[in-house]
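Asker: The structure that follows is given in the form of structure tokens.
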Amino acid sequence: MSIPAAPTLLLAVGGIALILGRWVPKSRWYEAIWLMSMLGAAGLLITGDEIAIPTADHDSVWIGDLYAVVGQWLALLFGILFGVGSFGVCSREDRTAERLGFLSFAIAGVMLVVLSNDLVTMALAAEVVQFASWALRRTDRLEVTPTLDSTEEFTNSENGLWIGIVMSACLWLGIALLANVTGATQFDEIRLILVDAYTPGANRAVIGVGSKLGLLAIGLIVAGFGARLGLVPWHLGLVENISQVRYWTAGCVVVAGQLAGVLALGRLCGMVLVGYRDEMLVLLLVLAGLTAVASAALAALGLINGEGRLRRLATAVSMLQGAWLALGLMTCIAELASPEHSLAAAGGQPGALGLLLFAAGAGTLGLSGLFLLFSYLSRDDRDVEFFDELLGLGSLHPLSTTALLVLLGSLVGHPPLWGFWSNWLLIAAGLNVRASGAREQMTPHLGLILLSVVTTTATLMVVAAMIQIARLLLLEQPLAKPEPQGRRSAFVVAAGCAIALLIVGLFPARLLGILANVRGPEMKSSRENPAGSNKGSATASVR
């Protein structure tokens with residue numbers, strides 16, 4: 001398969017914006033060119049190559065199945081929301097080119113992540129997303145936070161940078177270890193090798209002792225990508241990272257990282273995590289459970305102290321979304337090993353990968369709209385920080401209030417919004433996961449039951465904070481009549497997100513029908529004798 005055209009176009013546009021940005025004084029030029037590049041990328045996707053069969057083997061580092069196509073559309077959706085939501089923003093140093101250039105890099109990186117058929121290519125694409133996120137934070141601090149002294153600014157930036165370095169170190173070390181165990185980095189080859197290794201028979205290799213090293217390798221890879229998805233302990237640094245930047249930049253960092261993480265792990269669950277089903281379930285159970293608990297703690301902290309902070313709420317719902325997506329990832333792992341117990345086995349239902357994309361779409365719209373709406377509500381060249389600053393907003397700005405309640409309602413799974421259906425189906429799919437060695441029994445996996453309870457309880461804690469906001473919005477009288485100082489483009493995009501969440505929530509069957517065709521590869525073992533004797537009984541390779 002040739003080089004993907006759509007992300008390559010966005011990388012070129014982002015690079016040109018960064019190089020020539022200082023010589024074009026009008027920001028409107030950048031906005032127009034950037035929007036045309038996004039439309040061009042969408043056109044390239046529509047007229048692109050035919051979708052490859054999921055069971056086919058590929059020599060290229062790129063793959064073009066339906067999962068990759070939908071993932072690219074999610075990345076474009078993320079970019080359009082934040083790009084259009086920033087149109088018309090004028091700042092102290094007018095860094096429009098840098099902002100849209102780095103946003104283009106983030107979109108292209110996410111698109112390359114979901115297209116990758118090779119661990120090295122996927123990791124490089126994830127580094128592009130991380131670079132763009134770090135550069136956006138740095139640009140934002142230089143542009144709009146002159147009140148910070150240089151020492152504090154350097155410390156906050158350094159903390160975010162070190163978190164990214166640790167994530168990258170885990171990822172690259174895991175890739176090196178897995179390449180040493182299997183002798184390959186391409187997903188198709190790794191999948192065939194591990195299928196042979198864990199389905200012993202004639203002319204098939206047994207990994208043996210090397211399986212422990214392989215487990216460590218995959219665990220490090222999952223931890224590296226899970227940090228981007230929003231799983232603790234890594235994601236606790238998000239509170240620090242988004243506290244010194246505007247909501248627009250914080251939203252870009254959160255949503256881009258979450259998309260890159262969930263799309264990468266979704267691909268790995270469907271292609272690589274063969275033979276490590278139970279171990280990966282335990283790892284993701286622990287990480288998702290800790291994430292849900294941390295999300296509930298952040299939401300409860302403001303309720304106990306009586307000092308509700310909007311940034312803390314945004315962090316809590318972002319982490320909560322990561323916990324729900326981790327539940328979807330666990331169903332992907334289980335479905336590959338036992339497709340007869342999947343939700344799709346009931347007929348007419350989406351598979352685990354399709355359901356994961358469905359939930360990721362709901363989270364992308366919900367989080368993007370939430371951050372952009374907070375950006376619109378900014379006042380006097382500063383962001384709103386506390387719940388009390390929204391006092392009586394319902395009587396002053398009913399449209400903004402309605403959009404805010406819809407966005408928060410979808411993020412916590414309130415019917416009849418899109419987020420309700422995604423959370424409901426994730427729980428239903430999780431209850432179809434059976435414990436190892438008990439495939440003939442109807443009892444669901446105990447860990448998935450516990451995680452569903454913990455995640456639902458954490459969601460209720462976030463709902464309690466949401467109810468406090470609703471009371472301030474609807475039942476309290478405003479002390480003053482401040483007007484939002486943010487750009488109308490951010491409000492229009494946030495309102496559009498709320499409308500989309502409502503429409504899909506009322507009519508989810510059409511989108512679910514499209515995503516029902518997203519399937520992972522079938523588990524096939526090679527017919528050849530694996531040639532890996534030079535690495536002993538711990539390795540094998542298939543060519």
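Labeling convention for the structure tokens: chains A, B, ... as they appear, residues from 1 per chain, ligands from 1 in order of appearance.
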Please return as a PDB file with C-alpha atoms, in the first residue's frame: the residues of segment 324-480 of chain A that backbone DSSP assigns to helix (DSSP H, G or I).

Answerer:
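Result written to part33.pdb:
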```pdb
ATOM      1  CA  TRP A 324     -15.147   3.455  29.966  1.00  0.00           C
ATOM      2  CA  LEU A 325     -12.963   3.107  26.868  1.00  0.00           C
ATOM      3  CA  ALA A 326     -10.712   0.689  28.757  1.00  0.00           C
ATOM      4  CA  LEU A 327     -13.793  -1.463  29.355  1.00  0.00           C
ATOM      5  CA  GLY A 328     -14.299  -1.501  25.583  1.00  0.00           C
ATOM      6  CA  LEU A 329     -10.668  -2.507  25.048  1.00  0.00           C
ATOM      7  CA  MET A 330     -11.111  -5.495  27.357  1.00  0.00           C
ATOM      8  CA  THR A 331     -14.082  -6.681  25.330  1.00  0.00           C
ATOM      9  CA  CYS A 332     -11.910  -6.450  22.192  1.00  0.00           C
ATOM     10  CA  ILE A 333      -9.297  -8.744  23.746  1.00  0.00           C
ATOM     11  CA  ALA A 334     -11.926 -11.243  24.888  1.00  0.00           C
ATOM     12  CA  GLU A 335     -13.791 -11.237  21.574  1.00  0.00           C
ATOM     13  CA  LEU A 336     -10.685 -12.229  19.632  1.00  0.00           C
ATOM     14  CA  ALA A 337     -10.175 -15.246  21.900  1.00  0.00           C
ATOM     15  CA  PRO A 339     -15.961 -14.744  19.451  1.00  0.00           C
ATOM     16  CA  GLU A 340     -18.869 -17.047  20.297  1.00  0.00           C
ATOM     17  CA  HIS A 341     -19.427 -15.088  23.527  1.00  0.00           C
ATOM     18  CA  LEU A 343     -22.069  -9.165  21.731  1.00  0.00           C
ATOM     19  CA  ALA A 344     -22.010  -9.568  17.943  1.00  0.00           C
ATOM     20  CA  ALA A 345     -22.730 -13.286  18.314  1.00  0.00           C
ATOM     21  CA  ALA A 346     -26.313 -12.387  19.238  1.00  0.00           C
ATOM     22  CA  ALA A 352     -16.171  -5.017  20.105  1.00  0.00           C
ATOM     23  CA  LEU A 353     -14.080  -2.877  17.740  1.00  0.00           C
ATOM     24  CA  GLY A 354     -17.172  -1.214  16.282  1.00  0.00           C
ATOM     25  CA  LEU A 355     -18.509  -0.545  19.764  1.00  0.00           C
ATOM     26  CA  LEU A 356     -15.148   0.909  20.797  1.00  0.00           C
ATOM     27  CA  LEU A 357     -15.300   3.359  17.885  1.00  0.00           C
ATOM     28  CA  PHE A 358     -18.907   4.194  18.802  1.00  0.00           C
ATOM     29  CA  ALA A 359     -17.860   5.075  22.365  1.00  0.00           C
ATOM     30  CA  ALA A 360     -14.796   6.996  21.161  1.00  0.00           C
ATOM     31  CA  GLY A 361     -17.014   9.100  18.889  1.00  0.00           C
ATOM     32  CA  ALA A 362     -19.333   9.979  21.772  1.00  0.00           C
ATOM     33  CA  GLY A 363     -16.367  10.938  23.955  1.00  0.00           C
ATOM     34  CA  THR A 364     -14.744  13.013  21.205  1.00  0.00           C
ATOM     35  CA  LEU A 365     -17.853  15.104  20.646  1.00  0.00           C
ATOM     36  CA  GLY A 366     -18.629  15.412  24.356  1.00  0.00           C
ATOM     37  CA  LEU A 367     -15.151  16.435  25.501  1.00  0.00           C
ATOM     38  CA  SER A 368     -14.498  18.695  22.511  1.00  0.00           C
ATOM     39  CA  GLY A 369     -17.789  20.521  22.986  1.00  0.00           C
ATOM     40  CA  LEU A 370     -17.201  20.843  26.737  1.00  0.00           C
ATOM     41  CA  PHE A 371     -13.732  22.407  26.425  1.00  0.00           C
ATOM     42  CA  LEU A 372     -14.838  24.711  23.610  1.00  0.00           C
ATOM     43  CA  LEU A 373     -17.907  25.862  25.532  1.00  0.00           C
ATOM     44  CA  PHE A 374     -15.767  26.655  28.584  1.00  0.00           C
ATOM     45  CA  SER A 375     -13.504  28.572  26.214  1.00  0.00           C
ATOM     46  CA  TYR A 376     -16.489  30.579  24.949  1.00  0.00           C
ATOM     47  CA  PHE A 387     -18.773  26.791  39.469  1.00  0.00           C
ATOM     48  CA  ASP A 388     -19.946  30.031  41.080  1.00  0.00           C
ATOM     49  CA  GLU A 389     -18.943  31.992  37.996  1.00  0.00           C
ATOM     50  CA  LEU A 390     -21.801  30.225  36.161  1.00  0.00           C
ATOM     51  CA  LEU A 393     -26.315  31.468  33.466  1.00  0.00           C
ATOM     52  CA  GLY A 394     -29.604  29.809  32.581  1.00  0.00           C
ATOM     53  CA  SER A 395     -31.470  33.098  32.625  1.00  0.00           C
ATOM     54  CA  LEU A 396     -28.687  35.074  30.932  1.00  0.00           C
ATOM     55  CA  PRO A 398     -30.174  29.782  27.880  1.00  0.00           C
ATOM     56  CA  LEU A 399     -28.566  28.329  24.736  1.00  0.00           C
ATOM     57  CA  SER A 400     -25.164  28.019  26.385  1.00  0.00           C
ATOM     58  CA  THR A 401     -26.771  26.472  29.451  1.00  0.00           C
ATOM     59  CA  THR A 402     -28.672  23.916  27.389  1.00  0.00           C
ATOM     60  CA  ALA A 403     -25.558  22.975  25.423  1.00  0.00           C
ATOM     61  CA  LEU A 404     -23.509  22.599  28.630  1.00  0.00           C
ATOM     62  CA  LEU A 405     -26.078  20.319  30.262  1.00  0.00           C
ATOM     63  CA  VAL A 406     -26.386  18.175  27.125  1.00  0.00           C
ATOM     64  CA  LEU A 407     -22.599  17.793  26.832  1.00  0.00           C
ATOM     65  CA  LEU A 408     -22.174  16.857  30.496  1.00  0.00           C
ATOM     66  CA  GLY A 409     -25.215  14.580  30.324  1.00  0.00           C
ATOM     67  CA  SER A 410     -23.750  12.630  27.417  1.00  0.00           C
ATOM     68  CA  LEU A 411     -20.367  12.293  29.132  1.00  0.00           C
ATOM     69  CA  TRP A 418     -25.227   9.282  22.595  1.00  0.00           C
ATOM     70  CA  GLY A 419     -23.139   8.681  25.716  1.00  0.00           C
ATOM     71  CA  PHE A 420     -25.953   6.677  27.285  1.00  0.00           C
ATOM     72  CA  TRP A 421     -25.969   4.147  24.457  1.00  0.00           C
ATOM     73  CA  SER A 422     -22.177   3.847  24.403  1.00  0.00           C
ATOM     74  CA  ASN A 423     -21.959   3.183  28.159  1.00  0.00           C
ATOM     75  CA  TRP A 424     -24.930   0.814  28.090  1.00  0.00           C
ATOM     76  CA  LEU A 425     -23.497  -1.247  25.238  1.00  0.00           C
ATOM     77  CA  LEU A 426     -20.035  -1.292  26.840  1.00  0.00           C
ATOM     78  CA  ILE A 427     -21.529  -2.822  29.985  1.00  0.00           C
ATOM     79  CA  ALA A 428     -23.540  -5.301  27.923  1.00  0.00           C
ATOM     80  CA  ALA A 429     -20.429  -6.318  25.972  1.00  0.00           C
ATOM     81  CA  GLY A 430     -18.417  -6.602  29.191  1.00  0.00           C
ATOM     82  CA  LEU A 446     -15.901 -11.387  37.825  1.00  0.00           C
ATOM     83  CA  GLY A 447     -13.351  -8.661  37.122  1.00  0.00           C
ATOM     84  CA  LEU A 448     -15.539  -7.099  34.440  1.00  0.00           C
ATOM     85  CA  ILE A 449     -18.511  -7.126  36.813  1.00  0.00           C
ATOM     86  CA  LEU A 450     -16.466  -5.352  39.491  1.00  0.00           C
ATOM     87  CA  LEU A 451     -15.113  -2.827  36.980  1.00  0.00           C
ATOM     88  CA  SER A 452     -18.641  -2.077  35.744  1.00  0.00           C
ATOM     89  CA  VAL A 453     -19.737  -1.410  39.327  1.00  0.00           C
ATOM     90  CA  VAL A 454     -16.706   0.785  40.087  1.00  0.00           C
ATOM     91  CA  THR A 455     -17.031   2.758  36.850  1.00  0.00           C
ATOM     92  CA  THR A 456     -20.774   3.249  37.336  1.00  0.00           C
ATOM     93  CA  THR A 457     -20.185   4.443  40.913  1.00  0.00           C
ATOM     94  CA  ALA A 458     -17.531   6.889  39.702  1.00  0.00           C
ATOM     95  CA  THR A 459     -19.985   8.127  37.087  1.00  0.00           C
ATOM     96  CA  LEU A 460     -22.531   8.820  39.831  1.00  0.00           C
ATOM     97  CA  MET A 461     -19.964  10.930  41.694  1.00  0.00           C
ATOM     98  CA  VAL A 462     -19.426  13.008  38.564  1.00  0.00           C
ATOM     99  CA  VAL A 463     -23.212  13.256  38.217  1.00  0.00           C
ATOM    100  CA  ALA A 464     -23.342  14.745  41.727  1.00  0.00           C
ATOM    101  CA  ALA A 465     -20.978  17.513  40.620  1.00  0.00           C
ATOM    102  CA  MET A 466     -23.065  17.961  37.469  1.00  0.00           C
ATOM    103  CA  ILE A 467     -26.217  18.384  39.597  1.00  0.00           C
ATOM    104  CA  GLN A 468     -24.470  21.125  41.578  1.00  0.00           C
ATOM    105  CA  ILE A 469     -23.681  22.928  38.323  1.00  0.00           C
ATOM    106  CA  ALA A 470     -27.274  22.504  37.137  1.00  0.00           C
ATOM    107  CA  ARG A 471     -28.541  24.043  40.382  1.00  0.00           C
ATOM    108  CA  LEU A 472     -26.298  27.072  39.943  1.00  0.00           C
ATOM    109  CA  LEU A 473     -27.289  27.432  36.316  1.00  0.00           C
ATOM    110  CA  LEU A 474     -31.034  27.051  36.637  1.00  0.00           C
TER     111      LEU A 474
END
```

Asker: Nearest to Ala135 of chain A among A:Ala250, A:Leu81, A:Leu298, A:Ala41, with distances taken over only C-alpha atoms: which residue is it?

Answerer: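 For Ala135 of chain A, the nearest of the candidates is A:Ala250.
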
Asker: For a quick check of understanding, using only C-alpha atoms, which of A:Ile80, A:Ala106, A:Ala223, A:Met111 has the smallest distance to Gly496 of chain A?

Answerer: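 Of A:Ile80, A:Ala106, A:Ala223, A:Met111, the one nearest Gly496 of chain A, counting only C-alpha atoms, is A:Ile80.
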
Asker: Determine which residues of segment 296-406 of chain A receive a DSSP assignment of strand (DSSP E or B), computed from the backbone, and state them as a ChimeraX atom specification.

Answerer: /A:309,379,382,386
